[in-house]
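Structure file data16.csv; described as CSV, C-alpha atoms.
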```
chain,number,residue,atom,x,y,z
A,54,MET,CA,51.0,0.4,-81.2
A,55,GLY,CA,48.0,-0.5,-79.1
A,56,LYS,CA,46.3,-3.8,-78.4
A,57,MET,CA,42.9,-4.9,-77.2
A,58,VAL,CA,42.6,-7.1,-74.0
A,59,TYR,CA,39.6,-9.3,-74.6
A,60,LEU,CA,38.0,-10.5,-71.3
A,61,MET,CA,35.8,-13.6,-71.6
A,62,GLY,CA,34.1,-16.1,-69.3
A,63,LYS,CA,30.9,-17.7,-68.6
A,64,SER,CA,28.1,-15.6,-67.0
A,65,SER,CA,28.7,-14.7,-63.3
A,66,SER,CA,32.4,-15.7,-63.5
A,67,GLY,CA,33.4,-12.2,-62.3
A,68,LYS,CA,34.1,-10.5,-65.6
A,69,ASP,CA,32.6,-7.2,-64.5
A,70,THR,CA,34.6,-7.1,-61.3
A,71,VAL,CA,37.9,-8.0,-63.0
A,72,TYR,CA,37.0,-5.4,-65.8
A,73,ARG,CA,36.6,-2.6,-63.2
A,74,HIS,CA,39.9,-3.4,-61.5
A,75,LEU,CA,41.8,-3.5,-64.8
A,76,LEU,CA,40.3,-0.1,-65.8
A,77,GLU,CA,41.6,1.3,-62.5
A,78,TRP,CA,45.1,-0.2,-63.0
A,79,ASP,CA,47.7,2.5,-62.9
A,80,GLU,CA,50.6,0.6,-64.6
A,81,ILE,CA,48.8,0.1,-67.9
A,82,ALA,CA,46.2,2.6,-69.2
A,83,LEU,CA,43.4,0.5,-70.7
A,84,LYS,CA,40.5,2.4,-72.3
A,85,LYS,CA,37.2,0.6,-72.3
A,86,VAL,CA,35.3,-0.4,-75.4
A,87,VAL,CA,31.6,-0.1,-74.5
A,88,PRO,CA,29.6,-2.7,-76.5
A,89,TYR,CA,26.0,-2.2,-77.7
A,90,THR,CA,22.9,-4.2,-76.8
A,91,THR,CA,19.2,-4.3,-77.6
A,92,ARG,CA,18.3,-6.0,-74.3
A,93,PRO,CA,16.4,-3.9,-71.7
A,94,ILE,CA,18.5,-1.9,-69.3
A,95,ARG,CA,18.9,-3.4,-65.8
A,96,ALA,CA,18.5,-1.6,-62.5
A,97,GLY,CA,21.6,0.5,-61.8
A,98,GLU,CA,22.9,0.4,-65.4
A,99,VAL,CA,23.6,3.6,-67.3
A,100,SER,CA,23.8,3.8,-71.1
A,101,GLY,CA,27.3,4.4,-72.2
A,102,GLU,CA,28.8,2.7,-69.1
A,103,GLU,CA,28.3,-1.1,-69.3
A,104,TYR,CA,26.5,-0.9,-72.7
A,105,TYR,CA,25.1,1.5,-75.2
A,106,PHE,CA,21.4,0.6,-75.2
A,107,THR,CA,19.6,0.7,-78.5
A,108,ASP,CA,16.7,-1.1,-80.3
A,109,GLU,CA,16.5,-3.3,-83.3
A,110,ASP,CA,16.1,-0.3,-85.6
A,111,GLY,CA,19.3,1.1,-84.2
A,112,PHE,CA,21.1,-2.1,-84.8
A,113,ARG,CA,19.9,-2.3,-88.4
A,114,ARG,CA,21.1,1.3,-89.1
A,115,LEU,CA,24.6,0.5,-87.8
A,116,GLU,CA,24.7,-2.7,-89.8
A,117,ALA,CA,23.6,-0.9,-93.0
A,118,ALA,CA,26.4,1.6,-92.4
A,119,GLY,CA,28.9,-1.2,-92.2
A,120,ARG,CA,29.9,-0.3,-88.6
A,121,ILE,CA,29.3,-3.6,-86.8
A,122,VAL,CA,32.6,-5.3,-85.8
A,123,GLU,CA,30.8,-8.4,-84.4
A,124,ALA,CA,27.3,-9.2,-83.3
A,125,ARG,CA,25.6,-12.0,-81.4
A,126,ALA,CA,21.8,-12.6,-81.2
A,127,TYR,CA,20.1,-14.5,-78.5
A,128,ASP,CA,16.5,-15.8,-78.7
A,129,THR,CA,15.6,-15.2,-75.1
A,130,TYR,CA,12.5,-15.8,-73.1
A,131,HIS,CA,11.8,-12.1,-73.5
A,132,GLY,CA,12.5,-11.8,-77.2
A,133,LEU,CA,15.5,-11.3,-79.4
A,134,TRP,CA,18.4,-9.6,-77.7
A,135,ARG,CA,21.5,-8.5,-79.6
A,136,TYR,CA,25.0,-7.8,-78.2
A,137,PHE,CA,27.5,-6.2,-80.6
A,138,THR,CA,30.6,-4.1,-81.0
A,139,VAL,CA,30.6,-1.1,-83.2
A,140,ASP,CA,33.4,0.6,-84.9
A,141,ASP,CA,32.1,4.0,-83.7
A,142,GLY,CA,35.3,6.0,-84.0
A,143,LYS,CA,36.3,5.4,-80.3
A,144,ILE,CA,38.8,2.7,-81.0
A,145,ASP,CA,42.3,3.8,-82.1
A,146,LEU,CA,44.8,1.0,-81.8
A,147,SER,CA,47.5,3.1,-83.3
A,148,CYS,CA,48.0,4.8,-79.9
A,149,ASN,CA,45.9,3.2,-77.1
A,150,HIS,CA,45.3,-0.1,-75.4
A,151,TYR,CA,41.7,-1.2,-74.8
A,152,LEU,CA,39.7,-3.5,-72.6
A,153,ILE,CA,36.5,-5.3,-73.8
A,154,ILE,CA,34.2,-8.0,-72.4
A,155,GLY,CA,32.8,-10.6,-74.7
A,156,THR,CA,32.4,-14.3,-75.6
A,157,ILE,CA,34.6,-16.6,-77.6
A,158,GLU,CA,32.5,-16.0,-80.6
A,159,SER,CA,32.8,-12.2,-80.3
A,160,TYR,CA,36.5,-12.6,-79.6
A,161,LEU,CA,37.0,-14.5,-82.8
A,162,LYS,CA,35.1,-12.0,-84.9
A,163,THR,CA,36.9,-9.0,-83.3
A,164,ARG,CA,40.3,-10.8,-83.8
A,165,GLU,CA,39.4,-11.2,-87.5
A,166,TYR,CA,38.3,-7.6,-87.8
A,167,PHE,CA,41.4,-6.0,-86.1
A,168,GLY,CA,44.0,-8.8,-86.7
A,169,LYS,CA,45.2,-11.6,-84.4
A,170,GLU,CA,48.3,-9.7,-83.3
A,171,LYS,CA,46.2,-6.9,-81.9
A,172,ILE,CA,44.1,-9.0,-79.5
A,173,VAL,CA,45.1,-10.5,-76.1
A,174,PRO,CA,42.6,-13.1,-74.9
A,175,VAL,CA,41.9,-13.4,-71.1
A,176,LEU,CA,39.6,-16.3,-70.2
A,177,LEU,CA,38.1,-16.4,-66.7
A,178,GLU,CA,36.9,-19.6,-65.2
A,179,LEU,CA,35.0,-20.3,-62.0
A,180,ASP,CA,33.2,-23.3,-60.5
A,181,ASP,CA,29.6,-23.7,-62.0
A,182,GLY,CA,28.0,-23.9,-58.5
A,183,VAL,CA,29.5,-20.6,-57.5
A,184,ARG,CA,28.5,-19.0,-60.8
A,185,LEU,CA,24.9,-20.2,-60.4
A,186,LYS,CA,24.7,-18.8,-56.9
A,187,ARG,CA,26.1,-15.4,-58.0
A,188,ALA,CA,23.7,-15.3,-60.9
A,189,LEU,CA,20.7,-16.0,-58.7
A,190,GLU,CA,21.7,-13.4,-56.1
A,191,ARG,CA,22.1,-10.8,-58.9
A,192,GLU,CA,18.8,-11.6,-60.5
A,193,MET,CA,17.0,-11.4,-57.2
A,194,GLN,CA,18.0,-7.8,-56.9
A,195,GLU,CA,16.1,-6.9,-60.1
A,196,LYS,CA,12.7,-5.3,-59.9
A,197,ASN,CA,11.4,-7.9,-62.4
A,198,PRO,CA,13.7,-10.9,-62.1
A,199,ARG,CA,14.2,-12.9,-65.3
A,200,TYR,CA,14.9,-16.3,-63.9
A,201,GLN,CA,14.2,-18.2,-67.1
A,202,GLU,CA,16.7,-16.0,-69.0
A,203,MET,CA,19.3,-16.5,-66.2
A,204,CYS,CA,18.9,-20.3,-66.6
A,205,ARG,CA,19.0,-20.1,-70.4
A,206,ARG,CA,22.3,-18.2,-70.2
A,207,PHE,CA,23.8,-20.6,-67.7
A,208,LEU,CA,23.0,-23.6,-69.9
A,209,ALA,CA,24.1,-21.9,-73.1
A,210,ASP,CA,27.5,-21.2,-71.5
A,211,ALA,CA,28.3,-24.9,-71.4
A,212,GLU,CA,28.2,-24.9,-75.2
A,213,ASP,CA,29.6,-21.4,-75.8
A,214,PHE,CA,32.7,-22.1,-73.6
A,215,SER,CA,33.1,-25.8,-74.4
A,216,GLU,CA,36.6,-27.2,-74.4
A,217,GLU,CA,36.4,-27.7,-78.1
A,218,ARG,CA,35.6,-24.0,-78.7
A,219,ILE,CA,38.3,-22.8,-76.4
A,220,LYS,CA,40.8,-25.0,-78.3
A,221,GLU,CA,39.5,-23.9,-81.7
A,222,ALA,CA,39.9,-20.3,-80.6
A,223,GLY,CA,43.6,-20.9,-79.8
A,224,ILE,CA,43.2,-19.8,-76.2
A,225,THR,CA,45.9,-21.5,-74.2
A,226,ARG,CA,45.9,-19.4,-71.0
A,227,ARG,CA,43.1,-19.4,-68.5
A,228,PHE,CA,42.6,-17.6,-65.2
A,229,THR,CA,40.6,-19.2,-62.3
A,230,ASN,CA,38.7,-16.4,-60.5
A,231,ASP,CA,38.2,-18.1,-57.1
A,232,GLU,CA,40.4,-15.5,-55.3
A,233,LEU,CA,40.2,-12.1,-56.8
A,234,ASN,CA,43.5,-10.6,-55.9
A,235,SER,CA,45.5,-13.6,-56.9
A,236,CYS,CA,43.6,-13.8,-60.2
A,237,LEU,CA,44.1,-10.1,-60.9
A,238,GLY,CA,47.8,-10.5,-60.3
A,239,GLU,CA,48.1,-13.3,-62.8
A,240,ILE,CA,46.1,-11.5,-65.4
A,241,LYS,CA,48.1,-8.3,-65.0
A,242,LYS,CA,51.4,-10.2,-65.4
A,243,TYR,CA,50.0,-11.9,-68.5
A,244,ILE,CA,48.8,-8.6,-70.0
A,245,ILE,CA,52.2,-6.9,-69.4
A,246,ASP,CA,54.0,-9.9,-71.1
A,247,ASN,CA,51.7,-9.7,-74.1
A,248,LEU,CA,51.4,-5.9,-74.8
```

Just dump the structure as structure tokens.
Amino acid sequence: MGKMVYLMGKSSSGKDTVYRHLLEWDEIALKKVVPYTTRPIRAGEVSGEEYYFTDEDGFRRLEAAGRIVEARAYDTYHGLWRYFTVDDGKIDLSCNHYLIIGTIESYLKTREYFGKEKIVPVLLELDDGVRLKRALEREMQEKNPRYQEMCRRFLADAEDFSEERIKEAGITRRFTNDELNSCLGEIKKYIIDNL
């Protein structure tokens, strides 16, 4: 029986880097769950890789069909952006292990949908100053930087990943991502112990 490794952390905590390394991990084959979003595609992104990009009408059709596992909506400086997981026939926990990136809120909804015993939470942490520097450097690479949205996300993370929410979610193990190889080693051991 398979499980879903649920990778979470504040913005710019290194989730994408850890995610890529875990997908390349030879010891455990983790298939990726690609979430959906209505936000604009960023430079270098490819639909079907980081996200499936759709619009509000696409979200509404999937919702009407009962295929939404979890959904989050953010009122950004650029309009309403949705991020959501879809039961699109690509997740088969009867025979595969999966890897997904999300928030505590999406983790809880996914855990409710698939069952607590099927989800392994992995929470990344990193100093706020380092995260802010990374976020700014990434945004500066964009053709049309969205600095206001970057700041909104940074501030929203304080609430979304508060100690209270972490405790309520039952997440007891955290991984400090200040040295990638050490962090990856700890995460891999934790995954092996929990699959």

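Using only C-alpha atoms, the smallest distance between any of A:Leu133, A:Ala82, A:Val139, A:Leu177 and A:Ala118 comes from A:Val139.
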
Given only C-alpha atoms, how would the per-residue table for stretch 109-139 of chain A near stretch 204-211 of chain A read, listing every residue at most 10 Å away with its closest atom pair and distance in Å to one decimal, sorted by chain and number, as a tab-separated table?
```
residue	atom	partner	partner_atom	distance
A:Tyr127	CA	A:Arg206	CA	9.3
A:Asp128	CA	A:Arg205	CA	9.7
A:Thr129	CA	A:Arg205	CA	7.6
A:Tyr130	CA	A:Arg205	CA	8.2
```

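Our summary of the geometry notes that atom CA of A:Gly62 is positioned 19.3 Å from atom CA of A:Asn247.
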
* Structure fact -> In Å and to one decimal, atom CA of A:Ser66 is distant from atom CA of A:Leu233 by 10.9 Å

* Find the distance between atom CA of A:Thr91 and atom CA of A:Glu217 and write it in Å to one decimal. => 29.0 Å
